[in-house]
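Chemist: Sharing a structure with you now.
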There are 2 protein chains.
Amino acid sequence: MDLQKLIKGKTELTGKLSKSSPVVISSRIRLARNLSNIPFPGWAKSKQKREVLSKCREVVEGFQPFKGGLFVKMEDLTELEKLILVERHLISKELTQSAEAGAMAVDSRQARVIMINEEDHLRIQVLKSGFNFNRIWKTIDELDSAFEKNLDYSFSPELGYLTACPTNLGTGMRASVMMHLSALVLSNQMEKVIRAVGQLGIAVRGIYGEGSDATGSIFQISNQQTLGESEKEILKRLSNVLKTVIEHEYNAREKLFETERNMIQDKIGRAYGVLKHGYLLNSGEAMNLLSLLRLSVDIGMLETDWRDIIDRLFIENQPAHIQVMAERELEPSERDAKRAEHLRRSLIELPEPDFNKLTF
Amino acid sequence: MDLQKLIKGKTELTGKLSKSSPVVISSRIRLARNLSNIPFPGWAKSKQKREVLSKCREVVEGFQPFKGGLFVKMEDLTELEKLILVERHLISKELTQSAEAGAMAVDSRQARVIMINEEDHLRIQVLKSGFNFNRIWKTIDELDSAFEKNLDYSFSPELGYLTACPTNLGTGMRASVMMHLSALVLSNQMEKVIRAVGQLGIAVRGIYGEGSDATGSIFQISNQQTLGESEKEILKRLSNVLKTVIEHEYNAREKLFETERNMIQDKIGRAYGVLKHGYLLNSGEAMNLLSLLRLSVDIGMLETDWRDIIDRLFIENQPAHIQVMAERELEPSERDAKRAEHLRRSLIELPEPDFNKLTF
């Protein structure tokens with residue numbers, strides 16, 4: 001697989017969701033790991049980082065699931081290519097800035113991702129569409145074991161896995177979901193939800209993690225604690241909180257449709273109209289409009305089959321993807337025109353929502 | 001003709017325009033006249049106003065062009081019916097408040113309108129679509145002569161026609177056009193234009209006259225002076241100024257399409273999208289969106305045949321018309337839903353503009 005193929009390929013972030021959970025777009029678990037006797041990347045010398053890279057690469061290349069995948073060093077990528085990987089949620093912005101010996105490995109399904117020499121030597125990640133921690137845990141546990149068999153992890157019997165930042169110490173695990181909480185946003189309840197789950201040690205962030213906006217009413221919700229509980233306990237506790245959030249979102253939708261039916265129809269109708277006939281759209285507005293179109297699927301105005309087209313557009317919508325589509329670098333205003341064109345064309349594939357079908 | 005028929009009938013404010021002047025939606029001339037030896041309506045006693053009403057009614061009923069038209073006293077109308085007449089630009093808000101002996105006569109084509117006991121005893125008006133002072137002058141002059149033959153006008157050889165307000169003294173004439181100046185608005189040049197024509201004794205107002213907003217980029221432009229020049233001189237001077245304004249609007253369009261093609265496409269595309277798929281629209285927003293759709297006709301995205309549908313929607317769009325359509329009084333939020341419904345349905349009649357056809 002090369003990068004072009006990766007862009008055209010399906011990402012695990014979109015895909016058919018079980019009808020029972022349209023609110024959770026995707027789930028992810030990542031583990032932070034470091035090799036013993038080598039300083040963390042922030043303190044390591046060039047030679048040491050290259051040593052980490054070569055050791056990790058060897059494991060990746062010997063591991064069956066990565067056959068047919070992609071292994072790239074950051075220094076071999078253009079800025080645009082790096083951004084593509086960030087927009088697909090495969091790597092972090094931090095990794096793109098690791099001038100030396102930073103690398104990424106991804107399997108052909110774009111489900112398993114390894115970051116090398118980010119904040120830790122190894123960041124092992126597994127992504128899947130929908131709400132699915134059990135399957136993800138099984139996959140990442142296998143992946144982690146494959147590395148552990150071949151590498152000497154930095155591990156303390158008392159503290160667990162040692163990590164560059166103490167907030168990852170212990171399990172080194174962060175589990176998160178991407179949630180589409182449109183009704184909670186429309187009814188101004190998100191602040192309350194963020195405060196409540198925060199008290200349970202659960203963090204709510206915007207779509208690109210820490211400090212980012214909740215454009216498109218999409219939130220990343222994850223565990224804060226990594227220490228003092230087993231991985232399964234953390235996942236169970238997080239899942240319970242997430243189930244409550246989903247319930248709140250459903251309640252908010254029900255109430256909204258009862259009391260503000262016209263407002264919902266209007267917002268979704270306008271979103272569809274502007275996506276279908278607009279000629280200039282910046283990525284934030286496009287996300288917000290797509291978010292409303294996604295809601296139209298959830299409430300029965302569009303068949304559920306169309307949800308993954310919309311989820312794909314969320315990703316294709318972003319600046320680097322738009323430029324790759326145009327096959328050249330674009331000024332922001334050119335991007336807005338190209339984005340609008342791509343969305344107009346994509347919406348032709350989609351049937352017009354039945355705005356009177358509010359079957360939630 | 002009854003009021004229902006009037007509402008369903010064609011108004012002279014819309015209609016086929018000559019291709020050369022899509023900027024001017026409609027033209028109007030009105031003459032202020034008073035009967036001699038009877039105080040102006042603001043000072044007259046009830047009995048005197050009723051005398052004016054009965055004298056004027058007699059002339060109207062004997063005048064051929066008003067056969068098949070409508071004669072109504074304000075006191076016989078509901079508030080909603082009065083508002084309908086205001087929204088069709090047939091009568092003024094002031095007339096609707098004249099509790100006593102205020103009346104209106106209109107011919108079957110809704111071109112000739114007489115207001116009785118407004119600020120003056122008689123306000124004679126003629127409206128026509130397009131830019132057409134010559135034809136209007138001919139019609140109103142005939143109408144005025146018919147009244148003058150039967151009534152004793154209050155006239156001073158030195159000052160001309162005497163009027164309740166000195167600003168109408170002399171000719172008693174106000175000539176105005178309704179202009180659609182979308183490019184001058186989009187390129188922020190209207191303030192400059194208003195200042196410039198103001199210095200020539202020409203007033204620019206919003207769509208409902210003095211103090212109203214320029215919603216939908218529609219402006220009412222009229223002469224200020226009524227004294228010291230003949231009617232023909234006033235009309236000629238006004239026409240020359242209007243031609244300059246039209247030219248400015250065309251230049252602004254040309255420049256805008258050269259430099260901001262995407263912005264124009266985007267604004268018109270969004271307007272079409274929201275009109276076609278919105279579920280809540282207040283009258284101001286609807287006017288602004290229709291204004292952009294009207295521009296799409298002017299620049300070749302839609303056939304000119306569709307312009308009068310759009311101009312009709314400008315009128316039907318208004319609160320009283322929406323309520324008559326719904327056959328009951330509506331709360332503002334219900335009106336917004338009904339208005340959006342009417343616009344959605346009307347836009348089905350219209351082909352989709354060809355947004356890439358910018359043939360101006």
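Every chain in the structure tokens has a letter given in the order shown (A, B, ...), and although residue numbers restart at 1 in each chain, ligands are simply numbered from 1 in the order shown.
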Extract, using only C-alpha atoms, all DNA, RNA and protein residues at most 10 Å from Gln318 in chain A, discarding same-chain residues fewer than 6 positions from it, and format them as a list in words.
Modeler: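 Counting only C-alpha atoms, the residues come to Leu83, Ile84, Glu87, Arg88, Asn282, Ser283, Gly284, Ala286, Met287, Arg335 and Arg339 of chain A.
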Chemist: To test your reading of the structure, identify every residue in range 25-218 of chain B that backbone DSSP assigns to strand (DSSP E or B), and report it as a PDB file with N, CA and C atoms, in the first residue's frame.
Modeler:
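Result file follows (result08.pdb):
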ATOM      1  N   ILE B  25     -37.990  47.187 -10.668  1.00  0.00           N
ATOM      2  CA  ILE B  25     -39.100  46.245 -10.516  1.00  0.00           C
ATOM      3  C   ILE B  25     -40.412  46.901 -10.921  1.00  0.00           C
ATOM      4  N   SER B  26     -40.657  48.106 -10.422  1.00  0.00           N
ATOM      5  CA  SER B  26     -41.916  48.771 -10.733  1.00  0.00           C
ATOM      6  C   SER B  26     -41.767  50.281 -10.587  1.00  0.00           C
ATOM      7  N   SER B  27     -42.691  51.009 -11.218  1.00  0.00           N
ATOM      8  CA  SER B  27     -42.689  52.465 -11.124  1.00  0.00           C
ATOM      9  C   SER B  27     -44.061  52.910 -10.631  1.00  0.00           C
ATOM     10  N   ARG B  28     -44.080  54.080 -10.030  1.00  0.00           N
ATOM     11  CA  ARG B  28     -45.337  54.598  -9.495  1.00  0.00           C
ATOM     12  C   ARG B  28     -45.320  56.114  -9.535  1.00  0.00           C
ATOM     13  N   ILE B  29     -46.483  56.701  -9.856  1.00  0.00           N
ATOM     14  CA  ILE B  29     -46.645  58.146  -9.663  1.00  0.00           C
ATOM     15  C   ILE B  29     -47.886  58.346  -8.799  1.00  0.00           C
ATOM     16  N   ARG B  30     -47.805  59.271  -7.854  1.00  0.00           N
ATOM     17  CA  ARG B  30     -49.021  59.616  -7.108  1.00  0.00           C
ATOM     18  C   ARG B  30     -49.164  61.135  -7.059  1.00  0.00           C
ATOM     19  N   LEU B  31     -50.429  61.548  -7.098  1.00  0.00           N
ATOM     20  CA  LEU B  31     -50.748  62.972  -7.015  1.00  0.00           C
ATOM     21  C   LEU B  31     -51.561  63.220  -5.745  1.00  0.00           C
ATOM     22  N   ALA B  32     -51.178  64.298  -5.015  1.00  0.00           N
ATOM     23  CA  ALA B  32     -51.950  64.687  -3.826  1.00  0.00           C
ATOM     24  C   ALA B  32     -52.918  65.793  -4.235  1.00  0.00           C
ATOM     25  N   ARG B  33     -54.211  65.582  -3.927  1.00  0.00           N
ATOM     26  CA  ARG B  33     -55.225  66.578  -4.299  1.00  0.00           C
ATOM     27  C   ARG B  33     -56.184  66.805  -3.136  1.00  0.00           C
ATOM     28  N   LEU B  35     -60.003  68.969  -2.007  1.00  0.00           N
ATOM     29  CA  LEU B  35     -61.180  69.709  -2.463  1.00  0.00           C
ATOM     30  C   LEU B  35     -61.183  71.086  -1.808  1.00  0.00           C
ATOM     31  N   LEU B  70     -62.650  47.669  -7.230  1.00  0.00           N
ATOM     32  CA  LEU B  70     -63.088  47.496  -5.845  1.00  0.00           C
ATOM     33  C   LEU B  70     -63.118  48.859  -5.157  1.00  0.00           C
ATOM     34  N   PHE B  71     -64.174  49.101  -4.383  1.00  0.00           N
ATOM     35  CA  PHE B  71     -64.232  50.305  -3.561  1.00  0.00           C
ATOM     36  C   PHE B  71     -64.483  49.847  -2.132  1.00  0.00           C
ATOM     37  N   VAL B  72     -63.570  50.166  -1.221  1.00  0.00           N
ATOM     38  CA  VAL B  72     -63.783  49.743   0.174  1.00  0.00           C
ATOM     39  C   VAL B  72     -63.503  50.886   1.145  1.00  0.00           C
ATOM     40  N   LYS B  73     -64.340  50.933   2.196  1.00  0.00           N
ATOM     41  CA  LYS B  73     -64.059  51.864   3.286  1.00  0.00           C
ATOM     42  C   LYS B  73     -63.196  51.139   4.313  1.00  0.00           C
ATOM     43  N   ALA B 103     -61.002  55.594   2.667  1.00  0.00           N
ATOM     44  CA  ALA B 103     -61.450  54.584   1.701  1.00  0.00           C
ATOM     45  C   ALA B 103     -60.417  54.411   0.597  1.00  0.00           C
ATOM     46  N   MET B 104     -60.571  53.309  -0.125  1.00  0.00           N
ATOM     47  CA  MET B 104     -59.682  53.037  -1.249  1.00  0.00           C
ATOM     48  C   MET B 104     -60.495  52.561  -2.445  1.00  0.00           C
ATOM     49  N   ALA B 105     -60.090  53.006  -3.638  1.00  0.00           N
ATOM     50  CA  ALA B 105     -60.664  52.461  -4.866  1.00  0.00           C
ATOM     51  C   ALA B 105     -59.519  51.920  -5.696  1.00  0.00           C
ATOM     52  N   VAL B 106     -59.738  50.763  -6.313  1.00  0.00           N
ATOM     53  CA  VAL B 106     -58.690  50.197  -7.169  1.00  0.00           C
ATOM     54  C   VAL B 106     -59.339  49.611  -8.412  1.00  0.00           C
ATOM     55  N   ARG B 112     -54.514  51.357 -11.080  1.00  0.00           N
ATOM     56  CA  ARG B 112     -54.982  52.669 -10.625  1.00  0.00           C
ATOM     57  C   ARG B 112     -55.532  52.520  -9.212  1.00  0.00           C
ATOM     58  N   VAL B 113     -55.041  53.369  -8.326  1.00  0.00           N
ATOM     59  CA  VAL B 113     -55.512  53.303  -6.936  1.00  0.00           C
ATOM     60  C   VAL B 113     -55.831  54.710  -6.435  1.00  0.00           C
ATOM     61  N   ILE B 114     -56.973  54.848  -5.771  1.00  0.00           N
ATOM     62  CA  ILE B 114     -57.323  56.128  -5.155  1.00  0.00           C
ATOM     63  C   ILE B 114     -57.408  55.929  -3.644  1.00  0.00           C
ATOM     64  N   MET B 115     -56.682  56.771  -2.888  1.00  0.00           N
ATOM     65  CA  MET B 115     -56.888  56.778  -1.438  1.00  0.00           C
ATOM     66  C   MET B 115     -57.693  58.025  -1.100  1.00  0.00           C
ATOM     67  N   ILE B 116     -58.728  57.841  -0.297  1.00  0.00           N
ATOM     68  CA  ILE B 116     -59.576  58.973   0.087  1.00  0.00           C
ATOM     69  C   ILE B 116     -59.423  59.225   1.590  1.00  0.00           C
ATOM     70  N   LEU B 122     -57.504  63.400  -1.461  1.00  0.00           N
ATOM     71  CA  LEU B 122     -57.336  62.437  -2.552  1.00  0.00           C
ATOM     72  C   LEU B 122     -55.857  62.138  -2.774  1.00  0.00           C
ATOM     73  N   ARG B 123     -55.554  60.886  -2.877  1.00  0.00           N
ATOM     74  CA  ARG B 123     -54.226  60.487  -3.353  1.00  0.00           C
ATOM     75  C   ARG B 123     -54.476  59.588  -4.552  1.00  0.00           C
ATOM     76  N   ILE B 124     -54.090  60.083  -5.710  1.00  0.00           N
ATOM     77  CA  ILE B 124     -54.320  59.339  -6.950  1.00  0.00           C
ATOM     78  C   ILE B 124     -53.004  58.663  -7.317  1.00  0.00           C
ATOM     79  N   GLN B 125     -53.067  57.351  -7.551  1.00  0.00           N
ATOM     80  CA  GLN B 125     -51.803  56.647  -7.837  1.00  0.00           C
ATOM     81  C   GLN B 125     -51.942  55.744  -9.050  1.00  0.00           C
ATOM     82  N   VAL B 126     -50.866  55.618  -9.784  1.00  0.00           N
ATOM     83  CA  VAL B 126     -50.808  54.603 -10.845  1.00  0.00           C
ATOM     84  C   VAL B 126     -49.492  53.843 -10.711  1.00  0.00           C
ATOM     85  N   LEU B 127     -49.576  52.518 -10.743  1.00  0.00           N
ATOM     86  CA  LEU B 127     -48.407  51.635 -10.611  1.00  0.00           C
ATOM     87  C   LEU B 127     -48.238  50.818 -11.884  1.00  0.00           C
ATOM     88  N   LYS B 128     -47.023  50.550 -12.237  1.00  0.00           N
ATOM     89  CA  LYS B 128     -46.773  49.629 -13.353  1.00  0.00           C
ATOM     90  C   LYS B 128     -45.457  48.906 -13.123  1.00  0.00           C
ATOM     91  N   SER B 129     -45.369  47.672 -13.647  1.00  0.00           N
ATOM     92  CA  SER B 129     -44.099  46.962 -13.540  1.00  0.00           C
ATOM     93  C   SER B 129     -43.089  47.613 -14.478  1.00  0.00           C
ATOM     94  N   TYR B 153     -60.955  71.334  -7.172  1.00  0.00           N
ATOM     95  CA  TYR B 153     -59.672  71.151  -6.505  1.00  0.00           C
ATOM     96  C   TYR B 153     -59.224  72.439  -5.813  1.00  0.00           C
ATOM     97  N   PHE B 155     -56.646  74.865  -5.417  1.00  0.00           N
ATOM     98  CA  PHE B 155     -55.526  75.202  -6.290  1.00  0.00           C
ATOM     99  C   PHE B 155     -55.209  76.678  -6.187  1.00  0.00           C
ATOM    100  N   SER B 156     -53.918  77.023  -6.103  1.00  0.00           N
ATOM    101  CA  SER B 156     -53.526  78.424  -6.082  1.00  0.00           C
ATOM    102  C   SER B 156     -52.732  78.706  -7.337  1.00  0.00           C
ATOM    103  N   GLY B 160     -49.793  76.442  -6.973  1.00  0.00           N
ATOM    104  CA  GLY B 160     -50.195  75.154  -7.552  1.00  0.00           C
ATOM    105  C   GLY B 160     -51.178  74.455  -6.637  1.00  0.00           C
ATOM    106  N   TYR B 161     -51.140  73.104  -6.651  1.00  0.00           N
ATOM    107  CA  TYR B 161     -52.085  72.352  -5.824  1.00  0.00           C
ATOM    108  C   TYR B 161     -51.709  72.513  -4.366  1.00  0.00           C
ATOM    109  N   GLY B 170     -47.566  72.310  -4.806  1.00  0.00           N
ATOM    110  CA  GLY B 170     -47.134  72.598  -6.176  1.00  0.00           C
ATOM    111  C   GLY B 170     -47.727  71.589  -7.133  1.00  0.00           C
ATOM    112  N   MET B 173     -46.975  65.974  -6.790  1.00  0.00           N
ATOM    113  CA  MET B 173     -46.576  64.701  -7.411  1.00  0.00           C
ATOM    114  C   MET B 173     -45.360  64.073  -6.740  1.00  0.00           C
ATOM    115  N   ARG B 174     -45.485  62.793  -6.500  1.00  0.00           N
ATOM    116  CA  ARG B 174     -44.298  62.019  -6.137  1.00  0.00           C
ATOM    117  C   ARG B 174     -44.199  60.845  -7.109  1.00  0.00           C
ATOM    118  N   ALA B 175     -43.047  60.780  -7.769  1.00  0.00           N
ATOM    119  CA  ALA B 175     -42.809  59.657  -8.693  1.00  0.00           C
ATOM    120  C   ALA B 175     -41.739  58.786  -8.063  1.00  0.00           C
ATOM    121  N   SER B 176     -41.927  57.470  -8.131  1.00  0.00           N
ATOM    122  CA  SER B 176     -40.926  56.604  -7.511  1.00  0.00           C
ATOM    123  C   SER B 176     -40.773  55.301  -8.277  1.00  0.00           C
ATOM    124  N   VAL B 177     -39.615  54.698  -8.097  1.00  0.00           N
ATOM    125  CA  VAL B 177     -39.417  53.349  -8.631  1.00  0.00           C
ATOM    126  C   VAL B 177     -38.955  52.450  -7.494  1.00  0.00           C
ATOM    127  N   MET B 178     -39.237  51.164  -7.675  1.00  0.00           N
ATOM    128  CA  MET B 178     -38.744  50.144  -6.771  1.00  0.00           C
ATOM    129  C   MET B 178     -37.568  49.507  -7.511  1.00  0.00           C
ATOM    130  N   MET B 179     -36.373  49.646  -6.925  1.00  0.00           N
ATOM    131  CA  MET B 179     -35.185  49.160  -7.629  1.00  0.00           C
ATOM    132  C   MET B 179     -34.516  48.034  -6.871  1.00  0.00           C
ATOM    133  N   HIS B 180     -34.049  47.070  -7.613  1.00  0.00           N
ATOM    134  CA  HIS B 180     -33.355  45.925  -7.042  1.00  0.00           C
ATOM    135  C   HIS B 180     -31.856  46.124  -7.264  1.00  0.00           C
ATOM    136  N   ILE B 202     -33.057  63.732  -4.664  1.00  0.00           N
ATOM    137  CA  ILE B 202     -33.728  62.444  -4.881  1.00  0.00           C
ATOM    138  C   ILE B 202     -33.571  61.631  -3.595  1.00  0.00           C
ATOM    139  N   ALA B 203     -34.679  61.043  -3.115  1.00  0.00           N
ATOM    140  CA  ALA B 203     -34.628  60.291  -1.858  1.00  0.00           C
ATOM    141  C   ALA B 203     -34.594  58.787  -2.113  1.00  0.00           C
ATOM    142  N   VAL B 204     -33.793  58.097  -1.298  1.00  0.00           N
ATOM    143  CA  VAL B 204     -33.729  56.635  -1.391  1.00  0.00           C
ATOM    144  C   VAL B 204     -34.242  56.070  -0.072  1.00  0.00           C
ATOM    145  N   ARG B 205     -35.253  55.209  -0.167  1.00  0.00           N
ATOM    146  CA  ARG B 205     -35.825  54.621   1.047  1.00  0.00           C
ATOM    147  C   ARG B 205     -35.922  53.111   0.903  1.00  0.00           C
ATOM    148  N   GLY B 206     -36.266  52.447   2.024  1.00  0.00           N
ATOM    149  CA  GLY B 206     -36.479  50.999   1.982  1.00  0.00           C
ATOM    150  C   GLY B 206     -37.781  50.651   1.292  1.00  0.00           C
ATOM    151  N   GLY B 209     -41.154  52.449   2.119  1.00  0.00           N
ATOM    152  CA  GLY B 209     -41.118  53.897   2.273  1.00  0.00           C
ATOM    153  C   GLY B 209     -40.316  54.341   3.471  1.00  0.00           C
ATOM    154  N   ILE B 218     -33.948  45.919  -2.017  1.00  0.00           N
ATOM    155  CA  ILE B 218     -34.929  46.665  -2.803  1.00  0.00           C
ATOM    156  C   ILE B 218     -35.081  48.070  -2.213  1.00  0.00           C
TER     157      ILE B 218
END
Chemist: Using only C-alpha atoms, which protein or nucleic acid residues come within 10 Å of Glu247 in chain A? Drop anything in the same chain fewer than 6 positions from it, and give the result as a list in words.
Modeler: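 Using only C-alpha atoms, the neighbours found are Val23, Val241 and Arg253 of chain A.
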Chemist: Tell me, counting only C-alpha atoms, for each residue of chain A within 10 Å of chain B, which pair of atoms is nearest and how far apart they are in Å to one decimal, in rows ordered by chain and increasing number, as a tab-separated table.
Modeler:
residue	atom	partner	partner_atom	distance
A:Arg261	CA	B:Tyr279	CA	9.8
A:Asn262	CA	B:Tyr279	CA	6.3
A:Met263	CA	B:Leu280	CA	7.1
A:Ile264	CA	B:Tyr279	CA	8.6
A:Gln265	CA	B:Tyr279	CA	6.0
A:Asp266	CA	B:Tyr279	CA	4.2
A:Lys267	CA	B:Gly278	CA	7.5
A:Ile268	CA	B:Gly278	CA	8.2
A:Gly269	CA	B:His277	CA	4.7
A:Arg270	CA	B:Val274	CA	5.0
A:Ala271	CA	B:Val274	CA	8.1
A:Tyr272	CA	B:His277	CA	7.2
A:Gly273	CA	B:Gly273	CA	3.7
A:Val274	CA	B:Arg270	CA	5.0
A:Leu275	CA	B:Gly273	CA	8.2
A:Lys276	CA	B:Gly273	CA	7.0
A:His277	CA	B:Gly269	CA	4.7
A:Gly278	CA	B:Asp266	CA	5.0
A:Tyr279	CA	B:Asp266	CA	4.2
A:Leu280	CA	B:Asp266	CA	5.7
A:Leu281	CA	B:Asp266	CA	8.7
A:Ser333	CA	B:Asn262	CA	9.3
A:Glu334	CA	B:Asn262	CA	9.4
A:Asp336	CA	B:Asn262	CA	9.7
A:Ala337	CA	B:Asn262	CA	7.2
A:Ala340	CA	B:Asp266	CA	9.0
A:Glu352	CA	B:His277	CA	9.9
A:Pro353	CA	B:His277	CA	10.0
A:Phe355	CA	B:His277	CA	8.7
Chemist: Using the chain letters and numbers from this document, which residues of range 1-248 of chain B does DSSP assign to alpha helix (DSSP H), as a count of residues only?
Modeler: 86
Chemist: Applying 9 Å and only C-alpha atoms, which residues near Asn150 in chain A remain after dropping the ones on its own chain fewer than 4 positions away? List them as a ChimeraX atom specification.
Modeler: /A:55-56,59,145-146
Chemist: The selected residues should be written to file as a CSV table (one decimal), in the first residue's frame (atoms: N, CA, C and O atoms).
Modeler:
chain,number,residue,atom,x,y,z
A,55,LYS,N,14.3,-1.3,15.8
A,55,LYS,CA,13.8,-2.5,16.5
A,55,LYS,C,12.3,-2.7,16.3
A,55,LYS,O,11.8,-3.8,16.1
A,56,CYS,N,11.6,-1.5,16.4
A,56,CYS,CA,10.1,-1.6,16.2
A,56,CYS,C,9.8,-2.0,14.8
A,56,CYS,O,8.8,-2.8,14.6
A,59,VAL,N,9.8,-5.7,14.3
A,59,VAL,CA,8.6,-6.4,14.8
A,59,VAL,C,7.4,-6.2,13.9
A,59,VAL,O,6.7,-7.1,13.5
A,145,SER,N,1.1,-7.9,22.7
A,145,SER,CA,1.8,-9.2,23.0
A,145,SER,C,2.9,-9.5,22.0
A,145,SER,O,4.0,-9.9,22.3
A,146,ALA,N,2.6,-9.2,20.7
A,146,ALA,CA,3.5,-9.5,19.7
A,146,ALA,C,4.8,-8.6,19.9
A,146,ALA,O,5.9,-9.0,19.7
Chemist: Which one is closest to Arg237 in chain A: A:Arg328, A:Gln64, A:Glu258, A:Phe133? Count only C-alpha atoms.
Modeler: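 Nearest to Arg237 in chain A: A:Phe133.
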